[in-house]
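Everything on this sheet refers to the single structure shown next.
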Amino acid sequence: MNMKKANKLLKNPNLKWIALVLLVVMVFAIPGYKWMEKDNQARAQRMKSALSPVIMVPGSSATTERFNELVKLLNQNTPTKHSVLKINVSTNGNLSYSGSINKNDNEPFIIIGFKNNKDGYSNIKKQAGWLDEAFEAISQDYKFNNFKAFGHSNGGLIWTYWLEHYYSTYSDEITMKRLMTVGTPYNFSEKNMNHKTQMLEDFIKCKNRLPKSLVVYSVSGGKNYESDGIVPEASVAAGKYIFQKQVKSYTAMTITGDKADHSDLPQNQQVVQVIQQYLLEPIKNNQVISRQGKKSDNDKNGQNEQD
């Protein structure tokens, strides 16, 4: 091609537009490719991860220190100690951390608490949003592909709302294997199931959003025949209207005897045993072994309401 033809092509306005379009495509394609490559690496890392944390949420008026005694009891007489990471979420979604996850710990405890830890349905919805802020952060930081959840009192309500309104964002990559709630008032202080609170009505309305593979354990305290001293037994039992026929299995248990009142339940030795037996992964040769593949996670001694 001689110089005359080359100059003529360079002056062609159509070629200038084509060159400009190609340049723009290249500018956007290169970072897009790098992002895709990074995303694929993160997915591969998550799929290979052996990490299966237990994420705990305390009830109203409780902080991330609420489960200190429970963690101490769970770490007794076990060859593998669970490390503890605590996250406090402010009202604007900022996260503050204390503790850490040990490098070789595949089943750490992550405790998430809230600056605004007050009671009430409107606050529970806010707290579920703050729980999601923390969950998104730890899911990106630690790349786990499954976890177990534990909630005491309103902590169980926060998990339930999160499951129905936020979990679908993560469900393709992260599985909630088991949920254990202790003393959770699904109908607040109502003793009569003919009087459903707005919260319970909403939970029932959205129950089809619950994951079908989830195993749920609901533990109530039996200080007397009607309640754990604060939460009516009928309110805890109302959880069956949410989970039954929606999840893989729903098992209800009642703890009686010493320290069976509401505030003592997380430190109750029977609750500790139930957590060890049904929520945590079994340990063999100092290694955490996944329960996945077992036919049943149900309590043979409890009240099993499986469908």
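Starting from 1 in every chain, residues are counted up; chains themselves are A, B, ... following the order of the structure tokens, and ligands are numbered from 1 as listed.
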Members of stretch 114-307 of chain A assigned strand (DSSP E or B) by DSSP, as a VMD selection string: chain A and resid 114 146 to 152 175 to 182 215 to 222 227 232 249 to 256 283 to 284 287 to 288 303 to 304
Can you pull out the residues contacting A:Lys81? Cut-off 10 Å, using only C-alpha atoms, and skip same-chain residues under 4 positions away; I want them as a CSV table (one decimal) with C-alpha atoms, in the first residue's frame.
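What landed in result_16.csv:
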chain,number,residue,atom,x,y,z
A,71,VAL,CA,-18.0,-21.4,74.2
A,72,LYS,CA,-16.0,-22.3,77.3
A,74,LEU,CA,-18.1,-26.4,74.3
A,75,ASN,CA,-14.3,-26.2,74.3
A,76,GLN,CA,-14.0,-28.4,77.4
A,77,ASN,CA,-13.1,-32.1,76.9
A,102,ASN,CA,-7.2,-20.0,63.8
A,105,ASP,CA,-9.6,-24.5,62.7
A,107,GLU,CA,-15.2,-25.2,62.7
A,108,PRO,CA,-14.7,-21.8,64.3
A,286,ASN,CA,-8.9,-34.9,65.9
Need the shell around A:Tyr97: protein/DNA/RNA residues with any atom at most 9 Å away, counting only C-alpha atoms. Skip same-chain ones fewer than 4 positions apart. Format as number ranges by chain? A: 85-88
Option closest in space to A:Ser61, from A:Tyr170, A:Phe114, A:Tyr278, A:Phe109 [counting only C-alpha atoms]: A:Phe114
Please report, as a Markdown table, each residue of stretch 190-227 of chain A lying at most 6 Å from stretch 173-185 of chain A, together with the nearest pair of atoms and the separation in Å rounded to one decimal; use only C-alpha atoms, and order rows by chain and ascending residue number.
| residue | atom | partner | partner_atom | distance |
| --- | --- | --- | --- | --- |
| A:Leu214 | CA | A:Lys177 | CA | 5.5 |
| A:Val215 | CA | A:Arg178 | CA | 4.8 |
| A:Val216 | CA | A:Leu179 | CA | 4.9 |
| A:Tyr217 | CA | A:Met180 | CA | 4.7 |
| A:Ser218 | CA | A:Thr181 | CA | 5.0 |
| A:Val219 | CA | A:Val182 | CA | 4.6 |
| A:Ser220 | CA | A:Gly183 | CA | 4.8 |
Compare A:Asn224, A:Ser60, A:Ser52, A:Ser83 by their minimum atom-to-atom distance to A:Lys143, counting only C-alpha atoms, and give me the closest one.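 Answer, going by the shortest atom-to-atom distance: A:Ser52.
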List every residue of stretch 95-281 of chain A that DSSP, applied to the backbone of this structure, places in helix (DSSP H, G or I), and write the result as a count of residues only. 74
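Every protein, DNA or RNA residue with an atom at most 9 Å from A:Gly93, where only C-alpha atoms count and chain neighbours fewer than 6 positions away do not, is listed here: Gly129, Trp130, Glu133 and Ala134 of chain A.
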With only C-alpha atoms as the basis for distance, which of A:Ser49, A:Asn92, A:Ser227, A:Gln273 is at the shortest distance from A:Phe144?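 Checking each candidate against A:Phe144, we get A:Ser49 as the closest.
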List the neighbours of A:Leu200 out to 7 Å using only C-alpha atoms; skip same-chain residues closer than 4 positions along the sequence, and give me the result as a PDB file with all heavy atoms, in the first residue's frame.
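What ended up in around_29.pdb:
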ATOM      1  N   TYR A 186     -41.352 -17.285  68.633  1.00  0.00           N
ATOM      2  CA  TYR A 186     -41.872 -17.056  67.283  1.00  0.00           C
ATOM      3  C   TYR A 186     -43.200 -16.314  67.272  1.00  0.00           C
ATOM      4  O   TYR A 186     -43.590 -15.741  66.258  1.00  0.00           O
ATOM      5  CB  TYR A 186     -42.004 -18.390  66.546  1.00  0.00           C
ATOM      6  CG  TYR A 186     -40.669 -18.929  66.097  1.00  0.00           C
ATOM      7  CD1 TYR A 186     -40.047 -19.972  66.784  1.00  0.00           C
ATOM      8  CD2 TYR A 186     -40.008 -18.368  65.007  1.00  0.00           C
ATOM      9  CE1 TYR A 186     -38.811 -20.448  66.383  1.00  0.00           C
ATOM     10  CE2 TYR A 186     -38.776 -18.832  64.607  1.00  0.00           C
ATOM     11  CZ  TYR A 186     -38.184 -19.867  65.287  1.00  0.00           C
ATOM     12  OH  TYR A 186     -36.951 -20.330  64.886  1.00  0.00           O
ATOM     13  N   ASN A 187     -43.882 -16.317  68.408  1.00  0.00           N
ATOM     14  CA  ASN A 187     -45.135 -15.550  68.518  1.00  0.00           C
ATOM     15  C   ASN A 187     -45.047 -14.553  69.669  1.00  0.00           C
ATOM     16  O   ASN A 187     -46.051 -14.214  70.295  1.00  0.00           O
ATOM     17  CB  ASN A 187     -46.321 -16.504  68.716  1.00  0.00           C
ATOM     18  CG  ASN A 187     -47.641 -15.884  68.284  1.00  0.00           C
ATOM     19  OD1 ASN A 187     -47.690 -14.994  67.429  1.00  0.00           O
ATOM     20  ND2 ASN A 187     -48.732 -16.360  68.868  1.00  0.00           N
ATOM     21  N   LYS A 196     -52.177 -14.747  66.435  1.00  0.00           N
ATOM     22  CA  LYS A 196     -50.858 -14.690  65.794  1.00  0.00           C
ATOM     23  C   LYS A 196     -50.402 -13.242  65.675  1.00  0.00           C
ATOM     24  O   LYS A 196     -51.146 -12.379  65.221  1.00  0.00           O
ATOM     25  CB  LYS A 196     -50.889 -15.340  64.403  1.00  0.00           C
ATOM     26  CG  LYS A 196     -51.124 -16.847  64.410  1.00  0.00           C
ATOM     27  CD  LYS A 196     -51.067 -17.397  62.997  1.00  0.00           C
ATOM     28  CE  LYS A 196     -51.182 -18.905  62.988  1.00  0.00           C
ATOM     29  NZ  LYS A 196     -52.514 -19.386  63.436  1.00  0.00           N
ATOM     30  N   ILE A 204     -44.850 -16.996  58.362  1.00  0.00           N
ATOM     31  CA  ILE A 204     -45.629 -18.056  57.710  1.00  0.00           C
ATOM     32  C   ILE A 204     -45.865 -17.719  56.238  1.00  0.00           C
ATOM     33  O   ILE A 204     -45.758 -18.585  55.363  1.00  0.00           O
ATOM     34  CB  ILE A 204     -46.973 -18.266  58.447  1.00  0.00           C
ATOM     35  CG1 ILE A 204     -46.716 -18.814  59.861  1.00  0.00           C
ATOM     36  CG2 ILE A 204     -47.875 -19.208  57.666  1.00  0.00           C
ATOM     37  CD1 ILE A 204     -47.957 -18.860  60.737  1.00  0.00           C
TER      38      ILE A 204
END
What separation in Å, quoted to one decimal, exists between atom CA of A:Ala50 and atom CA of A:Gln246? 27.7 Å
Name all residues at most 12 Å from A:Ile230 (count only C-alpha atoms; drop same-chain ones fewer than 5 positions away) and give them as an MDAnalysis selection string. chainID A and resid 153 183:185 188:191 220:224 235:236 260:265
